[in-house]
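Visitor: Sending over a structure as structure tokens; questions will come in a sec.
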Amino acid sequence: MGIEVNPESFRPIVGIDLGTTNSAMAYIRDGEPHIIALPNGDDLLPSVVLIEPSGQIRVGRDARDGLLAMPDRAIAAVKRRMGETDPIVLGDQQFLPEEISALILKELRQLLVPLYGDQAIEAVITVPAYFNDAQRRATKHAGELAGFVVERIINEPTAAALAYGLGATTERKRIVVYDLGGGTFDVSVLTLDEGILEVHASNGNRELGGEDFDWSLVDWMAAMILKLYGVDPRDDLRARAVLKDLAERVKWVLSDEDQAPIESPVLMVHDGQAVRLSTTIRRSEFVQFIQTRLDETFALLDDVLQQSSLSAKDIDEVLLVGGSTKIPRVHEMITEYFGRPARSEVDPDLAVALGAAVQAGLKSGALSESGLVATDVAPFSMGIAVARSTLRGLDNGYFSPIIARNTTIPCTRTDTFYTTRDWQTAIDIEVYQGEHERVAKNYLLGSFRLTGIPPAVVGSQPVEVTFRYNLNGILEATARIVSTKKSQTLVVQDGLERHSKEALAQSRARLEALWNDEAAEPYTTVATELDLDLDLDLDSELAHDLLDASPALSTPPRVDHTPLVPSEQEPSVDENIEDPNLSLIADLNAVLLELLDPELRPKVIAALNRLQSALESRDAKSIDEAVDEATTVLMEVDLFL
């Protein structure tokens, strides 16, 4: 049904749950969140896209049905690939994951035309709490490609808590949100106190959800067929799709019944013989298949409670979110763990979309009288690459967190570092996200250069590095020379935006052409542009050591962490690789002979010899490949750990 829109008091804004299995959209009407139903009356849109041979796009239920007939032209669970740069092939076309997600979001946007016409519409889109920076930015871009204005990305457990908390703003409660969806798992500990919803800790697994439960059933059915017919149906694209569809249906039947029939009269044809499947599975058997994965979710639950300095008895309410929480075994485990059942008055499939609409209402002012305010936490630690004092001297490539994981956002944090080489005048600041002490195992967000450091003796020039992290997950990193006040700033999102105007325009034109059933331009990847603009291919830790053996910054004398390698001029393979750097490899070879086990020496020395040859050739591609190989080898033998 339509509503009357007063443009002076109401800005068009909706909340969207872009899910692995299903997606949903909601808005605020009469002070309450409401799901915007599909034309067929369904609340949920299957997150499936199909490109027919004619080029026509199908999204939702029709696309899901097409998975069986045309599995090479349809894609489901694309959410698990968000943030990747490898294209997805559908028929004769290729798409980035965010382009597929944009087609799903565009289908939802069509529902808003009767409400708002063609005017600009803002969307609050949810993501798993444990999504990294690339996945969050890909989600934002998907919304923009679909024609939404996307200024707010919020975490799914926070959104779900908002859906429950709208009518309980005067109570004080400690809440656990257990969010087990189709492709991801998140768990968060929150406090609701006089309308303030504060997240204390979050944890999760981006590769754990109903999809994994489905595939466990597929493997069980495939093993049965392999035993009976001597053929593995998972090797046949269509048979694999049929088994996956059967697994989903069986899973839902087992949520209500103790056993479920499995029937497929002609799954495939093998050696001229029809391969049939006819059996029954009990709920207890299904639970055995998934129990290990469910145990993983409770290990993560233990972790967030420990981070919050709470125990199960301290929790007042447990909220179940996500379609996979409808599995009876989940309810049993929750009751056993907390000593009481979870709340269930809000549909787990819709809680996130409804909560996103609440956030949209808070942002637009439609719920300004509700008294509800939400905070969130940083899902990962964020910091910079540093050098650290060891028995061998200063080693580069360590991670120094500036904003710790689970810090309440928005927040600002500053740390101070010092130069480590006489007369040093410039540094590169590399910004990382993750929890490992080595930056090579964390995620590079971006980098920038600070120049103009006054020449001075080692350790005498302090440099302050400040991180500002806002509610949208946008990080601003600033490095400031204390003595001169000169500073340089990187806004991580803007690092991507440098490439995105052209790339987004290209993607939008392609998707519009497909949507309108026109001839679209062929796909061209933007991954190379992205890497260059974000400096994602900057020299690795080993390359820094080879190109300039001096570390850059330190903390005085208790040297615990120090950022990066000095860079007085732009790095250039032809200009900066000199004989002293080549001689470093010989020095490393000599050290290796003393440090390494005899069985490890040949492998490491071979990698370094290849690196020496690459450096002498001055070929950038060869150097890059050799650096990657040498870094991998050195990490394998834990030379620096």
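Residue numbering restarts at 1 in every chain; chains get A, B, ... in the order shown in the structure tokens, and ligands count up from 1 in that same order.
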List the spatial neighbours of Leu237 of chain A as a ChimeraX atom specification - criterion: any atom at most 10 Å away, only C-alpha atoms, same-chain residues fewer than 4 positions off excluded.

Guide: /A:67-68,70-72,233,241-242

Visitor: For the residues in that selection, give me N, CA and C atoms as a tab-separated table (two decimals), in the first residue's frame.

Guide:
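Below you can see again37.tsv, which holds the result:
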```
chain	number	residue	atom	x	y	z
A	67	LEU	N	18.31	-21.99	-10.88
A	67	LEU	CA	19.56	-22.63	-10.48
A	67	LEU	C	19.60	-24.09	-10.90
A	68	LEU	N	18.44	-24.74	-10.91
A	68	LEU	CA	18.39	-26.15	-11.27
A	68	LEU	C	18.51	-26.36	-12.77
A	70	MET	N	19.56	-23.97	-15.11
A	70	MET	CA	20.71	-23.29	-15.71
A	70	MET	C	21.74	-22.91	-14.64
A	71	PRO	N	22.36	-23.89	-14.00
A	71	PRO	CA	23.27	-23.59	-12.89
A	71	PRO	C	24.49	-22.77	-13.31
A	72	ASP	N	24.82	-22.79	-14.61
A	72	ASP	CA	25.97	-22.02	-15.07
A	72	ASP	C	25.60	-20.56	-15.34
A	233	PRO	N	27.85	-37.32	-7.91
A	233	PRO	CA	26.97	-36.31	-8.53
A	233	PRO	C	27.49	-34.88	-8.35
A	241	ALA	N	23.45	-28.93	-8.25
A	241	ALA	CA	22.44	-27.92	-7.93
A	241	ALA	C	21.17	-28.57	-7.39
A	242	VAL	N	20.79	-29.72	-7.95
A	242	VAL	CA	19.59	-30.42	-7.47
A	242	VAL	C	19.80	-30.88	-6.03
```

Visitor: Please give the complete set of residues from segment 58-274 of chain A that DSSP, run on the backbone, assigns to alpha helix (DSSP H), formatted as a PyMOL selection string.

Guide: chain A and resi 61-69+97-110+113-116+133-145+156-165+210-229+237-253

Visitor: Leaving out Val78 of chain A and any residue of its chain fewer than 4 positions from it, which residues lie within 10 Å of it when counting only C-alpha atoms, given as a list in words?

Guide: Gly19, Thr20, Thr21, Ser47, Val48, Val49, Met82, Ile88, Leu96, Pro97, Glu98, Glu99, Ile100, Ser101 and Gly183 of chain A

Visitor: For the residues in that selection, give me C-alpha atoms as an mmCIF file, in the first residue's frame.

Guide:
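Output file again-v1.cif follows:
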```cif
data_model
loop_
_atom_site.group_PDB
_atom_site.id
_atom_site.type_symbol
_atom_site.label_atom_id
_atom_site.label_comp_id
_atom_site.auth_asym_id
_atom_site.auth_seq_id
_atom_site.Cartn_x
_atom_site.Cartn_y
_atom_site.Cartn_z
ATOM 1 C CA GLY A 19 21.524 -11.463 3.127
ATOM 2 C CA THR A 20 23.377 -14.530 1.904
ATOM 3 C CA THR A 21 20.204 -16.537 1.311
ATOM 4 C CA SER A 47 19.438 -13.486 -2.979
ATOM 5 C CA VAL A 48 19.831 -15.240 -6.321
ATOM 6 C CA VAL A 49 20.543 -13.760 -9.753
ATOM 7 C CA MET A 82 31.938 -9.640 -1.328
ATOM 8 C CA ILE A 88 31.906 -14.268 -11.373
ATOM 9 C CA LEU A 96 32.196 -8.460 -9.708
ATOM 10 C CA PRO A 97 30.434 -9.657 -6.530
ATOM 11 C CA GLU A 98 29.205 -6.137 -5.753
ATOM 12 C CA GLU A 99 27.627 -5.961 -9.220
ATOM 13 C CA ILE A 100 25.644 -9.129 -8.519
ATOM 14 C CA SER A 101 24.610 -7.696 -5.156
ATOM 15 C CA GLY A 183 26.401 -17.642 5.147
#
```

Visitor: Rank A:Arg80, A:Arg283, A:Arg73, A:His34 by their smallest atom-to-atom distance to Arg238 of chain A, using only C-alpha atoms, and report the top residue only.

Guide: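 Looking only at the distances to Arg238 of chain A, the closest residue turns out to be A:Arg73.
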
Visitor: Could you please write out, as a list of chain:residue names, every residue of segment 57-171 of chain A that DSSP assigns to strand (DSSP E)?

Guide: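 After running DSSP on the backbone, segment 57-171 of chain A has strand (DSSP E) at A:Ile57, A:Arg58, A:Val59, A:Ala74, A:Ile75, A:Ala76, A:Ile88, A:Val89, A:Leu90, A:Gln93, A:Gln94, A:Phe95, A:Ile121, A:Glu122, A:Ala123, A:Val124, A:Ile125, A:Thr126, A:Val127, A:Phe148, A:Val149, A:Val150, A:Glu151, A:Arg152, A:Ile153, A:Ile154, A:Asn155.
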